[in-house]
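Everything below belongs to final-v7.csv, which stores CSV, C-alpha atoms.
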```
chain,number,residue,atom,x,y,z
A,1,MET,CA,-16.6,8.4,34.0
A,2,LEU,CA,-17.1,11.1,31.4
A,3,ALA,CA,-13.4,11.2,30.8
A,4,PHE,CA,-13.3,7.4,30.4
A,5,ALA,CA,-16.1,7.5,27.8
A,6,ALA,CA,-14.5,10.4,25.9
A,7,GLY,CA,-11.2,8.5,25.9
A,8,VAL,CA,-12.8,5.4,24.4
A,9,ILE,CA,-14.4,7.5,21.7
A,10,VAL,CA,-11.1,9.1,20.9
A,11,ILE,CA,-9.3,5.7,20.6
A,12,ALA,CA,-12.1,4.3,18.4
A,13,GLY,CA,-12.0,7.4,16.2
A,14,VAL,CA,-8.2,7.1,15.7
A,15,LEU,CA,-8.4,3.4,14.9
A,16,ALA,CA,-11.2,4.1,12.4
A,17,VAL,CA,-9.2,6.9,10.7
A,18,VAL,CA,-6.1,4.6,10.4
A,19,LEU,CA,-8.1,1.7,9.0
A,20,SER,CA,-9.9,3.9,6.5
A,21,ARG,CA,-6.8,5.4,4.9
A,22,ARG,CA,-6.6,4.3,1.2
A,23,SER,CA,-3.4,3.1,-0.2
A,24,TRP,CA,-2.0,0.3,-2.5
A,25,ARG,CA,-2.4,-2.9,-0.5
A,26,ARG,CA,0.2,-5.6,-1.4
A,27,VAL,CA,-0.1,-9.3,-0.9
A,28,GLY,CA,3.5,-9.9,-2.0
A,29,ASP,CA,6.2,-9.2,-4.6
A,30,ASP,CA,8.7,-11.2,-6.7
A,31,GLY,CA,11.7,-10.1,-4.7
A,32,THR,CA,13.4,-8.3,-7.6
A,33,PRO,CA,15.3,-5.2,-6.4
A,34,VAL,CA,15.2,-2.0,-8.4
A,35,GLN,CA,18.8,-1.5,-9.5
A,36,LEU,CA,18.7,-0.5,-13.2
A,37,VAL,CA,16.6,-0.1,-16.3
A,38,ILE,CA,16.5,-3.6,-17.8
A,39,GLY,CA,15.1,-2.5,-21.2
A,40,ASP,CA,12.4,-0.4,-23.0
A,41,LEU,CA,9.0,-1.8,-23.9
A,42,PRO,CA,7.9,0.1,-27.0
A,43,SER,CA,4.3,1.0,-27.7
A,44,GLY,CA,2.4,-2.0,-29.1
A,45,ALA,CA,5.1,-4.5,-27.9
A,46,LEU,CA,4.7,-7.5,-25.6
A,47,GLY,CA,7.0,-8.4,-22.8
A,48,CYS,CA,6.9,-11.8,-21.0
A,49,GLN,CA,8.6,-12.6,-17.8
A,50,PRO,CA,8.9,-16.3,-16.8
A,51,HIS,CA,8.8,-17.9,-13.4
A,52,GLU,CA,6.7,-15.1,-11.9
A,53,PRO,CA,5.4,-16.1,-8.4
A,54,LEU,CA,2.0,-14.6,-7.5
A,55,PRO,CA,0.3,-15.4,-4.1
A,56,ALA,CA,-3.3,-16.2,-3.6
A,57,GLY,CA,-5.5,-13.1,-3.5
A,58,THR,CA,-3.6,-11.2,-6.2
A,59,HIS,CA,-6.1,-9.2,-8.2
A,60,ALA,CA,-3.6,-6.7,-9.8
A,61,VAL,CA,0.1,-6.2,-10.4
A,62,ARG,CA,2.2,-3.0,-10.1
A,63,ILE,CA,5.0,-2.9,-12.6
A,64,ARG,CA,8.1,-0.7,-12.0
A,65,ALA,CA,8.2,1.4,-15.1
A,66,THR,CA,8.2,5.0,-16.3
A,67,ALA,CA,7.2,6.6,-19.5
A,68,ALA,CA,10.2,6.7,-21.9
A,69,GLY,CA,8.7,9.6,-23.9
A,70,PRO,CA,5.6,11.7,-24.5
A,71,GLY,CA,2.2,10.1,-24.9
A,72,SER,CA,-0.4,8.2,-22.9
A,73,VAL,CA,0.6,5.3,-20.7
A,74,SER,CA,-1.5,2.1,-20.3
A,75,VAL,CA,-0.9,-1.7,-20.3
A,76,ARG,CA,-2.7,-5.0,-20.3
A,77,VAL,CA,-1.5,-8.1,-18.5
A,78,GLU,CA,-1.9,-11.8,-19.1
A,79,LEU,CA,-1.0,-14.6,-16.8
A,80,ARG,CA,0.0,-17.9,-18.5
A,81,ALA,CA,-0.2,-20.6,-15.8
A,82,ALA,CA,-0.2,-23.9,-17.6
A,83,GLY,CA,-4.0,-24.1,-17.8
A,84,ARG,CA,-4.6,-23.2,-14.1
A,85,TYR,CA,-5.3,-19.6,-15.0
A,86,SER,CA,-5.1,-17.6,-18.2
A,87,GLY,CA,-6.8,-14.3,-18.8
A,88,THR,CA,-6.2,-10.8,-20.0
A,89,GLY,CA,-6.7,-8.0,-17.5
A,90,ALA,CA,-8.2,-4.5,-18.0
A,91,VAL,CA,-6.3,-1.5,-19.2
A,92,GLY,CA,-4.0,-0.3,-16.4
A,93,ALA,CA,-3.7,3.1,-14.9
A,94,GLY,CA,-1.1,5.7,-16.0
A,95,ALA,CA,2.4,5.8,-14.6
A,96,SER,CA,2.6,7.2,-11.2
A,97,GLY,CA,5.7,7.4,-9.0
A,98,GLY,CA,7.6,5.1,-11.4
A,99,THR,CA,4.9,2.4,-11.5
A,100,VAL,CA,2.1,1.2,-13.8
A,101,VAL,CA,-0.8,-0.8,-12.3
A,102,ALA,CA,-2.9,-3.3,-14.2
A,103,ALA,CA,-5.8,-5.6,-13.1
A,104,LEU,CA,-6.3,-9.3,-13.6
A,105,PRO,CA,-9.8,-10.4,-14.5
A,106,HIS,CA,-10.4,-11.9,-11.0
A,107,PRO,CA,-8.4,-12.6,-7.8
A,108,LEU,CA,-6.2,-15.7,-7.8
A,109,ALA,CA,-7.8,-18.5,-5.7
A,110,ALA,CA,-4.4,-20.1,-5.2
A,111,ALA,CA,-0.7,-19.2,-5.5
A,112,VAL,CA,0.8,-19.8,-8.9
A,113,VAL,CA,4.2,-19.5,-10.7
A,114,ALA,CA,3.6,-18.4,-14.2
A,115,SER,CA,4.7,-16.4,-17.2
A,116,LEU,CA,3.5,-12.8,-16.8
A,117,CYS,CA,3.0,-10.9,-20.0
A,118,VAL,CA,2.6,-7.2,-20.4
A,119,TRP,CA,1.2,-5.4,-23.5
A,120,ASN,CA,2.1,-1.8,-23.9
A,121,THR,CA,-1.2,-0.4,-25.1
A,122,GLY,CA,-0.2,3.2,-24.7
A,123,ALA,CA,1.4,5.7,-27.0
A,124,ALA,CA,4.6,6.1,-24.9
A,125,GLY,CA,7.3,3.5,-24.5
A,126,LEU,CA,8.0,2.2,-21.0
A,127,ALA,CA,11.4,2.0,-19.3
A,128,LEU,CA,11.3,-1.1,-17.2
A,129,ALA,CA,13.2,-1.1,-13.9
A,130,GLY,CA,14.5,-4.1,-12.1
A,131,ALA,CA,17.7,-6.1,-11.7
A,132,GLY,CA,20.0,-8.2,-13.9
A,133,ALA,CA,19.2,-11.9,-14.3
A,134,GLY,CA,20.4,-15.0,-16.2
A,135,PRO,CA,19.0,-15.8,-19.7
A,136,ALA,CA,16.5,-18.3,-18.4
A,137,ASP,CA,14.9,-15.7,-16.2
A,138,GLN,CA,15.0,-12.5,-18.3
A,139,LEU,CA,12.0,-10.7,-19.6
A,140,THR,CA,11.7,-11.1,-23.3
A,141,ILE,CA,10.2,-8.4,-25.6
A,142,THR,CA,8.3,-9.2,-28.8
A,143,ALA,CA,7.6,-6.2,-31.0
A,144,SER,CA,4.2,-5.7,-32.7
A,145,ALA,CA,3.5,-7.9,-35.7
A,146,ALA,CA,3.4,-4.9,-38.0
A,147,SER,CA,7.1,-4.1,-37.2
A,148,GLY,CA,8.3,-7.5,-38.2
A,149,LYS,CA,11.1,-7.3,-35.6
A,150,PRO,CA,12.3,-10.4,-33.8
A,151,ALA,CA,11.9,-11.0,-30.0
A,152,VAL,CA,14.6,-9.3,-27.9
A,153,ALA,CA,15.8,-10.3,-24.5
A,154,THR,CA,16.3,-7.7,-21.8
A,155,VAL,CA,19.2,-7.7,-19.4
A,156,GLY,CA,17.1,-8.9,-16.4
A,157,ARG,CA,13.7,-9.0,-14.7
A,158,VAL,CA,11.3,-6.2,-14.0
A,159,ARG,CA,10.1,-5.8,-10.4
A,160,ILE,CA,6.5,-6.9,-10.0
A,161,GLU,CA,4.4,-6.2,-6.9
A,162,ASP,CA,1.2,-8.1,-6.2
A,163,LEU,CA,-1.9,-6.1,-5.1
A,164,ILE,CA,-5.3,-7.0,-3.8
A,165,SER,CA,-6.9,-4.4,-6.1
A,166,SER,CA,-6.0,-2.1,-9.0
A,167,ARG,CA,-7.3,0.8,-6.9
A,168,ARG,CA,-6.2,2.2,-3.6
A,169,VAL,CA,-8.3,0.6,-0.8
A,170,SER,CA,-8.6,0.9,2.9
A,171,LEU,CA,-7.5,-1.7,5.5
A,172,TRP,CA,-11.1,-2.7,6.3
A,173,PRO,CA,-11.4,-5.4,3.6
A,174,ILE,CA,-8.1,-7.1,4.6
A,175,LEU,CA,-8.5,-7.1,8.4
A,176,GLY,CA,-9.0,-10.9,8.3
A,177,ARG,CA,-5.7,-11.4,6.5
A,178,LEU,CA,-3.6,-9.4,9.0
A,179,PRO,CA,-2.6,-12.4,11.1
A,180,GLU,CA,-1.5,-14.3,8.0
A,181,ARG,CA,0.5,-11.3,6.8
A,182,ILE,CA,2.2,-10.9,10.2
A,183,ALA,CA,3.1,-14.6,10.3
A,184,THR,CA,4.6,-14.4,6.8
A,185,ALA,CA,6.6,-11.3,7.5
A,186,THR,CA,8.0,-12.6,10.8
A,187,GLY,CA,8.3,-16.3,9.9
A,188,SER,CA,6.5,-17.2,13.2
A,189,LEU,CA,3.0,-18.6,13.6
A,190,LEU,CA,3.0,-17.2,17.2
A,191,ALA,CA,3.6,-13.6,16.0
A,192,PRO,CA,-0.1,-12.8,15.1
A,193,TRP,CA,-1.3,-14.1,18.5
A,194,LEU,CA,1.3,-12.0,20.3
A,195,PHE,CA,0.3,-9.0,18.3
A,196,VAL,CA,-3.4,-9.5,19.1
A,197,VAL,CA,-2.7,-10.0,22.8
A,198,GLY,CA,-0.4,-6.9,22.9
A,199,LEU,CA,-3.1,-4.8,21.1
A,200,ILE,CA,-5.8,-6.0,23.6
A,201,GLY,CA,-3.5,-5.3,26.5
A,202,MET,CA,-2.7,-1.8,25.2
A,203,ILE,CA,-6.4,-1.0,24.8
A,204,LEU,CA,-7.2,-2.4,28.3
A,205,ALA,CA,-4.3,-0.5,29.8
A,206,SER,CA,-5.5,2.7,28.1
A,207,ALA,CA,-9.0,2.2,29.3
A,208,ALA,CA,-7.8,1.6,32.9
A,209,LEU,CA,-5.8,4.7,32.9
A,210,LEU,CA,-8.7,6.8,31.5
A,211,ARG,CA,-11.0,5.3,34.0
A,212,ALA,CA,-8.6,6.0,36.9
A,213,SER,CA,-8.2,9.6,35.7
A,214,GLY,CA,-12.0,9.9,35.5
A,215,ASP,CA,-12.4,8.5,39.0
A,216,GLY,CA,-9.8,10.9,40.3
A,217,ASP,CA,-11.7,13.8,38.8
A,218,GLU,CA,-14.8,12.8,40.7
A,219,ILE,CA,-13.1,12.7,44.1
```
Step by step, read the file and then write its structure as structure tokens.
Amino acid sequence: MLAFAAGVIVIAGVLAVVLSRRSWRRVGDDGTPVQLVIGDLPSGALGCQPHEPLPAGTHAVRIRATAAGPGSVSVRVELRAAGRYSGTGAVGAGASGGTVVAALPHPLAAAVVASLCVWNTGAAGLALAGAGAGPADQLTITASAASGKPAVATVGRVRIEDLISSRRVSLWPILGRLPERIATATGSLLAPWLFVVGLIGMILASAALLRASGDGDEI
């Protein structure tokens, strides 16, 4: 019995450690592969990408970009969604691992398709990574008003990933969304239930084995 109790504590401890690990938690992305540098976003410039899909629950975006020179890295983002949502996010974090993260003012209550605009508020230019696209879908860069330069189209779209937070978070806050995430990833509404049943079966089987081992020790 002692071995059974110890086993349950170990299993619970492992699950707690896994769920407590902090990382970037995505709710989706725009499906743009990272194939090339589509253009540079100079300091003070604005880049707007049309037809950007963002799922419900998005509270921040991660932009595939790296510093194109020395200086600080920061951005602001604005979502222009035909009146359904419009707001400027907070200053984003610095570039890390080829990405820049910026927050929206609040989580999206519903999915939207909108123009996503990025202001480069840092001192360094940003090399934007993504894939080629047609003229109607390309990110367009507008230089700062002081420069007087016209808007310039890039050669494609930058990859955008949708996050539940602008900070690394654990799995605890999104446990309730796991069934929906599994169903979306597999394309089957039965997948979450099969996952839950399998997980319960695994826990029960482990408990039975531990109890049998404990009973055998007592004989």
Polymer residues at most 8 Å from Leu36 of chain A, only C-alpha atoms, same-chain spacing of 6 or more positions, as a list in words: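 Once the adjacent positions are removed, what remains is Ala129, Gly130, Ala131 and Gly132 of chain A.
With distances taken over all atoms listed in the file, A:Ala124 is the one residue among A:Ala124, A:Thr99, A:Thr140, A:Val113 lying closest to Gly69 of chain A.
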Of the listed residues A:Ala123, A:Leu139, A:Ala110, A:Ala133, that which approaches Cys48 of chain A most closely, counting all atoms listed in the file: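 Nearest candidate to Cys48 of chain A out of A:Ala123, A:Leu139, A:Ala110, A:Ala133: A:Leu139.
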Coordinates-based distance that separates atom CA of Leu128 of chain A from atom CA of Pro33 of chain A (Å, one decimal):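 These atoms are spaced 12.2 Å apart.
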Computed interatomic separation between atom CA of Asp137 of chain A and atom CA of Val158 of chain A (Å):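 Pair atom CA of Asp137 of chain A / atom CA of Val158 of chain A returns 10.4 Å.
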Using only C-alpha atoms: which of A:Arg159, A:His51, A:His106, A:His59 has the shortest distance to Val27 of chain A: A:His59
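Taking atom CA of Ala45 of chain A as the reference point, atom CA of Val73 of chain A is found at 13.0 Å.
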Pick from A:Ile38, A:Ile63, A:Ile164, A:Leu79, whichever lies nearest to Val101 of chain A using only C-alpha atoms: A:Ile63
Residue with smallest distance to Val61 of chain A - pool A:Ile141, A:Ala102, A:Ile9, A:Val152, counting all atoms listed in the file: A:Ala102
